[in-house]
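Everything on this sheet refers to the single structure shown next.
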Amino acid sequence: MEENKYDLIVIGGGPGGYSAAISAAKEGLSVLLFEGGSMGGTCLNEGCIPTKYLLDKAAALEKVRALTEKEIFKEPGLFSFQKIQRGREKVIKKLTDGVRYLLKVNKVTVIHGFASLKEVGKAECGGMLYEAKDIIIATGSESVNIPVAGTEYTIGSAQALALESVPKRLAVIGGGVIGMELASAYCSYGSEVTVLEAMPSLFPTEDKEMISYMEKELTKRGVRILTGRKVKVIEKAGLSRRVFFEGAKPEEIYADAVVLAAGRKPSYKGIDAEKLGLALTEKKEIQVDEHMQTNIPHIYAIGDVIGGYQLAHAAYAEGEAAVSHILGKDRESGLSVMPRCIYTMPAYAAAGLTETKAKEQGTETVKGKFFYSGNGMALAEGAEGFIQVLMEKDTKTTVGIQIVGEGAPELLSFAALAVKNRMTFDEWRQFIVAHPSLSEMIKEAALDCFGMSVHGAVR
Ligand code: NAI
């Protein structure tokens, strides 16, 4: 075997892996990145980005429909789903080419192959041995199957994103983020969508009132959401599928396509955790400390393979934390305030504590609220929803913000900064936000915490 030596080997070219490789290279390390599939991982190829492409066109369609209903536009939106799909492919190609270009200009060596991690500092690929002082495992996650008969008649989220035509009836198993975002998009494209969720409610760890608002709005748009329903069997029924499920009683539905979106689990391709002696959590994720170091020195793990928030931006931050530690820099990981977004229509976005979480940890909070109906920009755009700001009662500092409505994920960045810096009530009062803008509502909700919102309803 030939030997090749680097400072750092990164296994996996998803958002966590490629960004860690680039950051380490910028810091002067020689870096080798292995990617056996498509550069950019799940996020770029069959997750976040393609979903957002479909959701963006779906939102445009809904806007045209709303304006047509008001007789402002004369024609409802007629669209080509095939053209939408070609557009999705183009965006993915542009982004993955962009990542490959960034790796190249930052002098990261890329090997297109699945590596296997042999021991500390050693990885093998295609019969060659590669060495590095440090190794980052960023192998991501894969969809979980469910233990019922007939899952071969379902499609995964990746296939659901790449359909060539809109299914007349779409069943979605799992009302998590993937399931609900697909349900929201396909409903706009004209599918009759039914979501089957085993838990009694959607997104139980997020703000109840907001999730219930989102659920009602999605239902109004035509998404049938059945919670407390566990799927039992899926059968082929001619060209369609028959899904048997159970809540209080046994029920069944027919669908032209059934998407299985029941969660994701760590992916261990090329990583024999047991043989390596890697400590795992109860959920079989790689166990890491705050520096993303595993129980084996010089082996780090980041992204979906360590569980927690299975989010691309969590993986970016975890990669930064690992690279900092490798360089001997003791830097705060910045993982404490994790922005969370659900890109349905309406969307939900949150940073920091929810009211329930604050109560659980004994933080006494006050809540300020502001409705889109009181904001000029929202009215001009026809946007609806509401915003909540939570402040710690004693210190008058911001500990959580939740948004449900149009623009929520974009508004969240500014909100997350306020939570991270624990912005005080006085700072909110002195802070100037552009008018007209949706962002004004966050300030108004913050001022409402202590009864000082100017444009909010008097309470
Ligand atoms: P998830 O764990 O969020 O949701 C899966 C749902 O399926 C659960 O609510 C579960 O109760 C339900 N389920 C499981 N078995 C079932 C059965 N037999 N019958 C009915 N329901 C059943 O997983 P999901 O949606 O697959 O997403 C995976 C990860 O990807 C999540 O951690 C999510 O954060 C991440 N993601 C994030 C996005 C974002 O930030 N916008 C977008 C897409 C995914």
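Ordered as shown in the structure tokens, chains take letters A, B, and onward, while each chain numbers its residues from 1 and ligands are numbered from 1 in the order shown.
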
inquiry  = Which residues are near ligand 1 - at most 7 Å, using only C-alpha atoms and all ligand atoms? Format: as a PyMOL selection string.
reply    = chain A and resi 47-48+143+146+173-179+196-199+202-203+229-232+261-264+309-311+340-343

task = State, in Å with one decimal place, the distance from atom CA of Gln388 of chain A to atom CA of Ile401 of chain A.
result =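 Atom CA of Ile401 of chain A lies 5.6 Å from atom CA of Gln388 of chain A.
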
key: Nearby residues (only C-alpha atoms) at most 12 Å from Val458 of chain A, same-chain spacing under 5 positions excluded, as a list in words   = Gly368, Lys369, Phe370, Gly374, Asp448, Phe450, Gly451, Met452 and Ser453 of chain A

How would the residues just picked look written out with all heavy atoms as a CSV table (one decimal), in the first residue's frame?
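Once everything was written out, this is result-v2.csv:
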```csv
chain,number,residue,atom,x,y,z
A,368,GLY,N,-44.0,38.6,25.1
A,368,GLY,CA,-44.6,39.7,24.3
A,368,GLY,C,-45.0,39.1,23.0
A,368,GLY,O,-44.4,38.2,22.5
A,369,LYS,N,-46.1,39.7,22.4
A,369,LYS,CA,-46.6,39.1,21.2
A,369,LYS,C,-46.8,40.2,20.2
A,369,LYS,O,-47.2,41.4,20.6
A,369,LYS,CB,-48.0,38.5,21.5
A,369,LYS,CG,-48.0,37.0,21.3
A,369,LYS,CD,-49.4,36.5,21.5
A,369,LYS,CE,-49.3,35.0,21.5
A,369,LYS,NZ,-50.6,34.4,21.7
A,370,PHE,N,-46.7,39.9,18.9
A,370,PHE,CA,-47.1,40.9,17.9
A,370,PHE,C,-47.7,40.1,16.7
A,370,PHE,O,-47.1,39.1,16.2
A,370,PHE,CB,-46.0,41.8,17.5
A,370,PHE,CG,-46.5,43.0,16.8
A,370,PHE,CD1,-46.8,44.2,17.5
A,370,PHE,CD2,-46.5,43.0,15.4
A,370,PHE,CE1,-47.3,45.3,16.8
A,370,PHE,CE2,-47.0,44.2,14.7
A,370,PHE,CZ,-47.4,45.3,15.4
A,374,GLY,N,-50.8,43.8,12.4
A,374,GLY,CA,-50.6,45.1,12.9
A,374,GLY,C,-49.3,45.7,12.2
A,374,GLY,O,-48.9,46.8,12.7
A,448,ASP,N,-43.6,44.6,23.8
A,448,ASP,CA,-44.8,44.1,24.4
A,448,ASP,C,-44.6,43.3,25.7
A,448,ASP,O,-45.5,43.2,26.5
A,448,ASP,CB,-45.6,43.3,23.3
A,448,ASP,CG,-47.0,42.9,23.8
A,448,ASP,OD1,-47.7,43.8,24.2
A,448,ASP,OD2,-47.3,41.7,23.8
A,450,PHE,N,-43.1,44.2,28.2
A,450,PHE,CA,-43.4,45.1,29.3
A,450,PHE,C,-44.4,46.2,29.0
A,450,PHE,O,-44.2,47.3,29.4
A,450,PHE,CB,-42.1,45.6,29.9
A,450,PHE,CG,-41.2,44.5,30.5
A,450,PHE,CD1,-40.2,43.9,29.7
A,450,PHE,CD2,-41.5,44.0,31.7
A,450,PHE,CE1,-39.5,42.8,30.2
A,450,PHE,CE2,-40.7,42.9,32.2
A,450,PHE,CZ,-39.7,42.3,31.5
A,451,GLY,N,-45.3,45.8,28.1
A,451,GLY,CA,-46.4,46.7,27.8
A,451,GLY,C,-46.1,48.0,27.0
A,451,GLY,O,-46.8,48.9,27.0
A,452,MET,N,-45.0,48.0,26.3
A,452,MET,CA,-44.6,49.2,25.6
A,452,MET,C,-44.6,49.1,24.0
A,452,MET,O,-44.1,50.0,23.4
A,452,MET,CB,-43.1,49.5,26.0
A,452,MET,CG,-43.0,49.9,27.4
A,452,MET,SD,-44.1,51.3,27.9
A,452,MET,CE,-43.3,52.7,27.1
A,453,SER,N,-45.3,48.1,23.5
A,453,SER,CA,-45.4,48.0,22.0
A,453,SER,C,-46.3,49.2,21.6
A,453,SER,O,-47.4,49.4,22.1
A,453,SER,CB,-46.1,46.7,21.7
A,453,SER,OG,-46.6,46.7,20.3
```

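Computed from the coordinates, the atom CA of Leu29 of chain A to atom CA of Gly12 of chain A distance equals 17.5 Å.
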
Every residue of segment 351-408 of chain A that DSSP places in strand (DSSP E or B), as a PyMOL selection string = chain A and resi 351-352+365-371+385-392+397-405

Counting only C-alpha atoms, which residues of segment 130-190 of chain A sit at most 7 Å from some atom of segment 54-76 of chain A, and what is each one's closest atom pair with its distance in Å to one decimal, listed by chain and rising residue number, as JSON lines?
```
{"residue": "A:Ala185", "atom": "CA", "partner": "A:Leu55", "partner_atom": "CA", "distance": 5.2}
{"residue": "A:Ser188", "atom": "CA", "partner": "A:Ala58", "partner_atom": "CA", "distance": 5.4}
{"residue": "A:Tyr189", "atom": "CA", "partner": "A:Ala58", "partner_atom": "CA", "distance": 6.5}
```

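The two atoms in question, atom CA of Glu235 of chain A and atom CA of Gly150 of chain A, are spaced 5.7 Å apart.
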